[in-house]
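Remarks on the structure that follows.
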Amino acid sequence: MRSQFGRRQRSSFWSANVPAFDQAIKGFLGKKNNWVWAICVPLVVVLIAGWGMAAHAQDEAMTAEDVQTILDNIWITVAAVLVIFMNAGFGMLETGFCRQKNAVNILTKNLIVFALATIAFWAFGFSFLAAPSSGFLGFGGFFLSGSPETYGLEEGVGLTISVFFLFQAAFAATAATIVSGAVAERIKFVDFIIFSLLLTGIAYPISASWTWNGGGWLAGLGFSDFAGSTIVHSVGGWSALTGAAFLGPRMGKYQDGQVNALPGHNMSLAMLGCLILWIGWFGFNPGSQLAADLEVPYIAVTTNLAASAGGIAATFTSWTISGKPDLSMVINGILAGLVGITAGCAGVSFLGAVIVGLVAGVLVVFSVGFFDTIKIDDPVGATSVHLVCGIWGTLAVGLFDTSLGLFYGGGISQLGIQILGIIAYGVFTVVVTSIFWSILKATLGMRVTPEEEMKGLDIGEHGMEAYSGFLKDTSDMGGVS
Amino acid sequence: MRSQFGRRQRSSFWSANVPAFDQAIKGFLGKKNNWVWAICVPLVVVLIAGWGMAAHAQDEAMTAEDVQTILDNIWITVAAVLVIFMNAGFGMLETGFCRQKNAVNILTKNLIVFALATIAFWAFGFSFLAAPSSGFLGFGGFFLSGSPETYGLEEGVGLTISVFFLFQAAFAATAATIVSGAVAERIKFVDFIIFSLLLTGIAYPISASWTWNGGGWLAGLGFSDFAGSTIVHSVGGWSALTGAAFLGPRMGKYQDGQVNALPGHNMSLAMLGCLILWIGWFGFNPGSQLAADLEVPYIAVTTNLAASAGGIAATFTSWTISGKPDLSMVINGILAGLVGITAGCAGVSFLGAVIVGLVAGVLVVFSVGFFDTIKIDDPVGATSVHLVCGIWGTLAVGLFDTSLGLFYGGGISQLGIQILGIIAYGVFTVVVTSIFWSILKATLGMRVTPEEEMKGLDIGEHGMEAYSGFLKDTSDMGGVS
Amino acid sequence: MRSQFGRRQRSSFWSANVPAFDQAIKGFLGKKNNWVWAICVPLVVVLIAGWGMAAHAQDEAMTAEDVQTILDNIWITVAAVLVIFMNAGFGMLETGFCRQKNAVNILTKNLIVFALATIAFWAFGFSFLAAPSSGFLGFGGFFLSGSPETYGLEEGVGLTISVFFLFQAAFAATAATIVSGAVAERIKFVDFIIFSLLLTGIAYPISASWTWNGGGWLAGLGFSDFAGSTIVHSVGGWSALTGAAFLGPRMGKYQDGQVNALPGHNMSLAMLGCLILWIGWFGFNPGSQLAADLEVPYIAVTTNLAASAGGIAATFTSWTISGKPDLSMVINGILAGLVGITAGCAGVSFLGAVIVGLVAGVLVVFSVGFFDTIKIDDPVGATSVHLVCGIWGTLAVGLFDTSLGLFYGGGISQLGIQILGIIAYGVFTVVVTSIFWSILKATLGMRVTPEEEMKGLDIGEHGMEAYSGFLKDTSDMGGVS
């Protein structure tokens, strides 16, 4: 209740003890010079002080550990807010990279997906991830009904259920949002909603439990993916890939043997989205420490170095290839660096982070070209950024981690475990999401009609347009304004 | 001064005490085996240690309480920053929901309003809210000239004046910003400026003091509104309602017995605004704890669950009614959930939060229709979101609060007090803001000319347009580009 | 590793000590009533307790100082994230204030600049700033290879290298971003990239070391610039001025003796940018405390008061002069207030902050007019905001600082030192950046061709446009769409 403006008083440990000393001393001075007293009084004083200290520590006074626990919870709350802000980043990025006739549809998907993920994750996703696991998935404590121990936490120390749930729910939403970009401009809205619920409520938390739940089978093997290059990003990327494959390319994308650019409608929003994602990653990676300690800023720096290196590498790679520095490649290079460093951000050196980012920035440029070659139409490059660089980042742990990596004397076995993990997540996610998409395709149909795709999904799916009052070039809309 | 890069040294408590022990022990060993010494030395040691501890706690060493106090202040500073960021959210939301010809006007209002609120609140608003109150308003300590006690704070414990002021000023600005949306596209700029000063400097802080000032009359009765469903949002909503009523509807909105949609010009900005507001609410609600403790993440989770439930409920309600999922309703549903949970976020269960959000999400859809029926033209739905759901949220405390609520065995009396509070804020705000609007209408006139409204307020009020270089559909501008 | 969900256990100091007491007491009670024992036992208890305390403080238990150190690091990490977010603010502001045909170019510059600054600052910039200095620049510890002491930090206390680097790198990027706005719409992309590397890697860190490195010559003289009105903003502003002077004005800006407005294309983005910058400044100024303490919220309040006063002053000044409240002046007024308070934010009173902001808000309006008079074409007003108000803010320390300022009995000498510092930074930056620009002009050429400038840099430099699908007014593009 805020009506008492200030806050609750906390008893001061030291001031509370002073009277005990005062009383003991007064008693001593009031007695004769008696050696029994001389012995007993200091002892009593010591005992009172000792017991008083212990008792206060338990009952009333605030200890450094108490404050640390609160600091852990506040910091992870802030980190979760930064991760949640990434929904705005993905929303602006994807909308900007697509055409204006589909903007409302993309915006709606990116907005509702976090709401759906929150509710699905609250109901059962969080339990599949964090509840006691036999190796394959957690079970129990649905609807956040468990005790801290149910979700691998300890009562009174470290994170509360609330903040741990909030942070994990934000991660789950990320996986679903990645899919949104790859299936944009042609998927039915209802299909995306149902798929998001299935992914965030079931598929993602189950596979995430393999590593992040202490009882998971990959955790037992020592698979290392600190903040989720594989667990979040490649899972999102595989889901994006299966989605794009099931849907097929957009009309006009691959025509007469050519790849046609279907340029995005708002690069300002796309760049804003990239910077919001960059900011959000300072919650995503450093927050994955799940505590407030001195590793947090270290992780922030490796994250930032890799993002910068990725952006620079992609800029110069695309500049070299196409003759001009392409803004969409600067953006995707930064994101590639961020995805790449996500697995290893806590374990690589600063130089290692720069190398991981540089490689990711080059990879993403060629990957975008590759997927066009095999006619996987991914309007925003989500597969290249999240799947390809997610895999790279997970491998990079086996190479550059300063205690596990091959280049730092860590041996080949960790690299093998990293590859095993990458394959396990890939196979599981491809199989499960293919089942999801198949069912959706067989029942509701996945794709809007060609007429709707031509005119834009905004009118067809939502009955409104994004930019009322502006004159548009309708040459790609079948002449419809 | 930053020139000494590192920071000031803090003396270590324990190391500082070690020499005292050392000295005492040396003294003891240098003496003969004399029982007087045997008695005195340990006692002296104890006394030195005890006094040393007490003295250090006061003078030099940093205690856990000290760190907690700093943590409280840092966290509420961060929370205030999140609330201040809501100005960007409201700005993008309102601008996006209105027409491009009025964008500059709306942007200017939403930007200047926080500057005005800061200065008005510094000069007297904060005093009316927080200074010693006889029940109806606080008085004293104008221009932040008071001591901590003046504003209900304690010297050296908990929040400083600075952070408490910053957080409260951000709240005050919110109330004024809510009004901006409802009166958009037709109010004179100067009227809005003066009204904002009156609302943030006088009306809002006075009524807020009733509950949030320990001496307030509603605080005495036990009215419960943790973060301001009524105190901030319904007060903003009532002011919006009186403003819209005094102004009358926009030209062309209600014509020939029909309600005409005047669609917003930029749904990308509106969606971005919604997500910024969502983020900002993690400062608004958890920050209202006014301390860093383990309740903070709990409040963040109830807030997030209600927002999600509100968004989902509004999506499916509007989908059912109109046949298509309407992005503006997804947005308003999320905001409805957020406003609804604001009063009860610290006291309801997770399930309770979901229910509060679901109801708010349904309510807001019907409320938008209702206000159109009674021809209150509110371009962004501010009245439906902030007034209607603010009332709902305040009632919900009386129903769902786990210690006060009717459904949790809390009895009917709390519900009665909640209703009393809702009515008190409604009557006061309607009366006072009607006086403000009446004076403005009688002196300056409230509404721009029909010609200016047709051409847009951007040219008329500000002499510039928002989107230079784009071709616009001028059919609603009387043919003026 | 996150697989163990919870976090590492920290041994509790008090509970660990209780057994020591228990054991001592048991030993005492098991003996005969022997006075040697009677003396020794309490003493032993005291010694055990004392040593135990000291030992634990060193080895295992968490002290309040430890938590404070972590809190310092977490807070400055969060502050750095806020400062990094300013890149989005500058990006939106500058893009919005320029024409749509150059949007991609401006966005690309503002995005890549932070990546470049991070890498350049990591490689050598940070060393020039923070490594041991003979007065003119720091040297050593390149590529973050040094120990904490190398960069003026202490092992285990206060900030880690990581967070200090991150915060300083974000500052360096700010200086480069300021330049971007002034040279917009006509500079070659490659020139801006190279200049940014030179500025953030060499020029900025060298001059910043004069004050912020304990060994710097201006630090020795007592020059006071808390968060960088001069060190960051005027340095960015001088670089912007030389850049704009070397480039010359945009085509059509000064024609037939007239100043032609070339209006920005997106005021929504510009206003969003302003609010993001406002938010970011809560990291910039309070974060410059480089610690988490009770000064932090104080600095946040002076920052906020000056921003508000600046916005209000510029609004009414431009309203008075031109007859209408100009949104771009509201925006620049807020930024002027923020730049103005940056030097003195920790040392002025609340009233002082308001005065500093008011003066800055008036200054910026007249300054924009002045630079047009001398035909320095600065499309976004960066020189007026950052150079003019940066100088004003640095002078203001000599006037309004409550311990140093002339109006508070501080004497004229501090004001003299402030002027000396302003001149030193101005001369150095003008000379060094003129050399940079001269070399670029002589080798690569600085300016795009007139044809490219006419058609827009987006097509010419990047081969893409920002707003595909919208119809544009091509009257200023030589008829090219």
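By order in the structure tokens, chains are A, B, ...; within a chain, residues start at 1; ligands start at 1, following the order shown.
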
Write out as a ChimeraX atom specification which residues come within 9 Å of Met464 of chain A when counting only C-alpha atoms, dropping same-chain ones fewer than 2 positions away.
/A:104,458-462,466,468 /B:263,326-327

Find the residues around Val163 of chain C up to 8 Å (only C-alpha atoms counted), leave out those fewer than 3 positions away in its own chain, and share them as a ChimeraX atom specification.
/A:297-298,300-301 /C:73,76-77,80,159-160,166-167

Write the residues you've just listed into a file as a PDB file, in the first residue's frame, and include N, CA and C atoms for each of them.
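Output file selection.pdb follows:
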```pdb
ATOM      1  N   PRO A 297      28.343  -7.502 -16.580  1.00  0.00           N
ATOM      2  CA  PRO A 297      28.928  -6.562 -17.557  1.00  0.00           C
ATOM      3  C   PRO A 297      29.894  -7.229 -18.536  1.00  0.00           C
ATOM      4  N   TYR A 298      30.575  -8.281 -18.095  1.00  0.00           N
ATOM      5  CA  TYR A 298      31.460  -8.992 -19.033  1.00  0.00           C
ATOM      6  C   TYR A 298      30.646  -9.523 -20.211  1.00  0.00           C
ATOM      7  N   ALA A 300      27.817  -8.449 -21.232  1.00  0.00           N
ATOM      8  CA  ALA A 300      27.334  -7.320 -22.040  1.00  0.00           C
ATOM      9  C   ALA A 300      28.389  -6.886 -23.048  1.00  0.00           C
ATOM     10  N   VAL A 301      29.646  -6.932 -22.658  1.00  0.00           N
ATOM     11  CA  VAL A 301      30.714  -6.493 -23.561  1.00  0.00           C
ATOM     12  C   VAL A 301      30.948  -7.504 -24.679  1.00  0.00           C
TER      13      VAL A 301
ATOM     14  N   ASN C  73      28.094  -2.103 -10.537  1.00  0.00           N
ATOM     15  CA  ASN C  73      28.315  -2.659 -11.871  1.00  0.00           C
ATOM     16  C   ASN C  73      27.012  -2.891 -12.631  1.00  0.00           C
ATOM     17  N   ILE C  76      25.579   0.598 -13.672  1.00  0.00           N
ATOM     18  CA  ILE C  76      26.287   1.231 -14.791  1.00  0.00           C
ATOM     19  C   ILE C  76      26.076   0.430 -16.081  1.00  0.00           C
ATOM     20  N   THR C  77      25.888  -0.881 -15.965  1.00  0.00           N
ATOM     21  CA  THR C  77      25.503  -1.647 -17.158  1.00  0.00           C
ATOM     22  C   THR C  77      24.156  -1.148 -17.697  1.00  0.00           C
ATOM     23  N   ALA C  80      24.629   2.181 -19.255  1.00  0.00           N
ATOM     24  CA  ALA C  80      25.262   2.055 -20.575  1.00  0.00           C
ATOM     25  C   ALA C  80      24.234   1.643 -21.625  1.00  0.00           C
ATOM     26  N   LEU C 159      33.895  -0.379 -10.261  1.00  0.00           N
ATOM     27  CA  LEU C 159      33.545  -0.883 -11.585  1.00  0.00           C
ATOM     28  C   LEU C 159      34.568  -1.874 -12.119  1.00  0.00           C
ATOM     29  N   THR C 160      34.070  -2.844 -12.861  1.00  0.00           N
ATOM     30  CA  THR C 160      34.958  -3.746 -13.592  1.00  0.00           C
ATOM     31  C   THR C 160      35.377  -3.070 -14.901  1.00  0.00           C
ATOM     32  N   LEU C 166      32.251  -0.429 -21.571  1.00  0.00           N
ATOM     33  CA  LEU C 166      30.963  -0.344 -22.261  1.00  0.00           C
ATOM     34  C   LEU C 166      30.387   1.063 -22.176  1.00  0.00           C
ATOM     35  N   PHE C 167      30.441   1.622 -20.970  1.00  0.00           N
ATOM     36  CA  PHE C 167      29.892   2.957 -20.757  1.00  0.00           C
ATOM     37  C   PHE C 167      30.665   3.994 -21.564  1.00  0.00           C
TER      38      PHE C 167
END
```

Those in segment 322-434 of chain A with helix (DSSP H, G or I) from DSSP, as JSON, numbers by chain
{"A": [322, 327, 328, 329, 330, 331, 332, 333, 334, 335, 336, 337, 338, 339, 340, 341, 342, 350, 351, 352, 353, 354, 355, 356, 357, 358, 359, 360, 361, 362, 363, 364, 365, 366, 367, 368, 369, 370, 371, 372, 373, 382, 383, 384, 385, 386, 387, 388, 389, 390, 391, 392, 393, 394, 395, 396, 397, 398, 399, 400, 406, 407, 408, 412, 413, 414, 415, 416, 417, 418, 419, 420, 421, 422, 423, 424, 425, 426, 427, 428, 429, 430, 431, 432, 433, 434]}

Shortest interatomic distance to chain A - which of B:Gly416, B:Gly340, B:Gly393, B:Gly222, counting only C-alpha atoms:
B:Gly222

Chain B residues near chain A within 6 Å, closest pair each, using only C-alpha atoms, as CSV:
```
residue,atom,partner,partner_atom,distance
B:Ile39,CA,A:Ala38,CA,5.5
B:Leu43,CA,A:Pro42,CA,5.3
B:Ala54,CA,A:Trp14,CA,5.5
B:Ala64,CA,A:Ala64,CA,4.9
B:Gln68,CA,A:Val67,CA,5.9
B:Gly152,CA,A:Phe5,CA,5.7
B:Leu153,CA,A:Gly6,CA,4.9
B:Thr211,CA,A:Ser3,CA,5.9
B:Trp212,CA,A:Ser3,CA,4.2
B:Asn213,CA,A:Ser3,CA,5.4
B:Gly214,CA,A:Ser3,CA,4.9
B:Phe226,CA,A:Met1,CA,5.9
B:His265,CA,A:Ser468,CA,4.6
B:Asn266,CA,A:Tyr467,CA,4.9
B:Met267,CA,A:Ala466,CA,4.9
B:Leu275,CA,A:Ala88,CA,6.0
B:Asp293,CA,A:Ile70,CA,5.6
B:Pro297,CA,A:Val163,CA,5.1
B:Tyr298,CA,A:Ser162,CA,5.2
B:Ser308,CA,A:Ala115,CA,4.0
B:Lys324,CA,A:His462,CA,5.2
B:Pro325,CA,A:His462,CA,5.5
B:Asp326,CA,A:His462,CA,5.6
B:Leu327,CA,A:Thr108,CA,5.6
B:Leu471,CA,A:Leu471,CA,5.6
B:Lys472,CA,A:Phe470,CA,4.3
B:Asp473,CA,A:Gly469,CA,4.8
```

Taking N, CA, C and O atoms for each residue, export the selection above as a tab-separated table (two decimals), in the first residue's frame.
```
chain	number	residue	atom	x	y	z
B	39	ILE	N	40.62	-10.56	33.60
B	39	ILE	CA	39.21	-10.17	33.49
B	39	ILE	C	39.04	-8.97	32.56
B	39	ILE	O	38.15	-8.94	31.71
B	43	LEU	N	37.15	-8.15	28.54
B	43	LEU	CA	36.05	-7.20	28.60
B	43	LEU	C	36.33	-6.00	27.71
B	43	LEU	O	35.47	-5.56	26.94
B	54	ALA	N	29.41	-0.56	16.61
B	54	ALA	CA	28.33	0.41	16.60
B	54	ALA	C	28.79	1.71	15.94
B	54	ALA	O	28.10	2.29	15.11
B	64	ALA	N	24.32	-3.52	5.29
B	64	ALA	CA	23.35	-4.05	4.34
B	64	ALA	C	22.19	-3.08	4.15
B	64	ALA	O	21.66	-2.93	3.04
B	68	GLN	N	20.77	-1.53	0.73
B	68	GLN	CA	19.35	-1.66	0.39
B	68	GLN	C	18.75	-0.29	0.06
B	68	GLN	O	17.97	-0.16	-0.89
B	152	GLY	N	6.80	13.08	3.46
B	152	GLY	CA	6.47	11.75	3.97
B	152	GLY	C	7.60	10.75	3.88
B	152	GLY	O	7.38	9.55	3.99
B	153	LEU	N	8.81	11.24	3.65
B	153	LEU	CA	9.97	10.34	3.56
B	153	LEU	C	10.80	10.45	4.83
B	153	LEU	O	10.61	11.35	5.64
B	211	THR	N	-5.47	9.56	-1.38
B	211	THR	CA	-5.16	8.15	-1.12
B	211	THR	C	-3.67	7.93	-0.86
B	211	THR	O	-3.31	7.14	0.00
B	212	TRP	N	-2.83	8.62	-1.62
B	212	TRP	CA	-1.40	8.30	-1.56
B	212	TRP	C	-0.64	9.13	-0.53
B	212	TRP	O	0.52	8.87	-0.25
B	213	ASN	N	-1.26	10.17	-0.02
B	213	ASN	CA	-0.70	10.90	1.11
B	213	ASN	C	-1.25	10.25	2.38
B	213	ASN	O	-2.46	10.08	2.51
B	214	GLY	N	-0.35	9.88	3.30
B	214	GLY	CA	-0.80	9.20	4.52
B	214	GLY	C	-1.93	9.94	5.23
B	214	GLY	O	-2.78	9.32	5.88
B	226	PHE	N	-3.42	0.51	-5.74
B	226	PHE	CA	-1.98	0.39	-5.58
B	226	PHE	C	-1.19	1.32	-6.50
B	226	PHE	O	-0.34	2.09	-6.05
B	265	HIS	N	-3.45	7.03	-39.34
B	265	HIS	CA	-2.58	7.08	-40.53
B	265	HIS	C	-1.35	6.21	-40.41
B	265	HIS	O	-0.59	6.09	-41.37
B	266	ASN	N	-1.11	5.62	-39.25
B	266	ASN	CA	0.14	4.87	-39.14
B	266	ASN	C	0.05	3.80	-38.06
B	266	ASN	O	0.36	4.04	-36.89
B	267	MET	N	-0.37	2.62	-38.48
B	267	MET	CA	-0.56	1.55	-37.50
B	267	MET	C	0.77	1.00	-36.99
B	267	MET	O	0.83	0.42	-35.91
B	275	LEU	N	3.56	-1.29	-27.49
B	275	LEU	CA	4.63	-2.07	-26.85
B	275	LEU	C	5.49	-1.20	-25.92
B	275	LEU	O	5.93	-1.67	-24.88
B	293	ASP	N	12.16	-4.82	-3.59
B	293	ASP	CA	11.99	-6.01	-2.77
B	293	ASP	C	11.43	-7.13	-3.63
B	293	ASP	O	11.29	-6.98	-4.84
B	297	PRO	N	9.04	-8.33	-8.70
B	297	PRO	CA	8.77	-9.25	-9.83
B	297	PRO	C	7.37	-9.86	-9.79
B	297	PRO	O	6.80	-10.14	-10.85
B	298	TYR	N	6.83	-10.05	-8.61
B	298	TYR	CA	5.46	-10.56	-8.53
B	298	TYR	C	4.50	-9.60	-9.25
B	298	TYR	O	3.65	-10.01	-10.05
B	308	SER	N	-1.67	-9.51	-21.25
B	308	SER	CA	-1.81	-10.57	-22.23
B	308	SER	C	-3.26	-11.02	-22.34
B	308	SER	O	-3.80	-11.18	-23.45
B	324	LYS	N	-13.34	-9.95	-38.18
B	324	LYS	CA	-11.90	-9.87	-38.42
B	324	LYS	C	-11.20	-9.37	-37.16
B	324	LYS	O	-11.74	-8.55	-36.43
B	325	PRO	N	-9.99	-9.88	-36.93
B	325	PRO	CA	-9.23	-9.38	-35.77
B	325	PRO	C	-8.68	-8.00	-36.08
B	325	PRO	O	-7.89	-7.83	-37.00
B	326	ASP	N	-9.10	-7.03	-35.31
B	326	ASP	CA	-8.81	-5.62	-35.57
B	326	ASP	C	-7.59	-5.22	-34.76
B	326	ASP	O	-7.59	-5.31	-33.53
B	327	LEU	N	-6.54	-4.75	-35.43
B	327	LEU	CA	-5.30	-4.39	-34.72
B	327	LEU	C	-5.55	-3.33	-33.66
B	327	LEU	O	-4.97	-3.39	-32.56
B	471	LEU	N	3.16	11.89	-51.21
B	471	LEU	CA	1.89	12.32	-51.78
B	471	LEU	C	0.75	11.76	-50.92
B	471	LEU	O	0.76	10.60	-50.54
B	472	LYS	N	-0.22	12.65	-50.63
B	472	LYS	CA	-1.29	12.25	-49.72
B	472	LYS	C	-2.64	12.24	-50.41
B	472	LYS	O	-2.85	12.97	-51.38
B	473	ASP	N	-3.50	11.46	-49.86
B	473	ASP	CA	-4.90	11.45	-50.26
B	473	ASP	C	-5.57	12.62	-49.55
B	473	ASP	O	-5.75	12.60	-48.33
```

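Closest to Leu221 of chain C among C:Ser147, C:Ser288, C:Gln418, C:Thr177 is C:Gln418, based on only C-alpha atoms.
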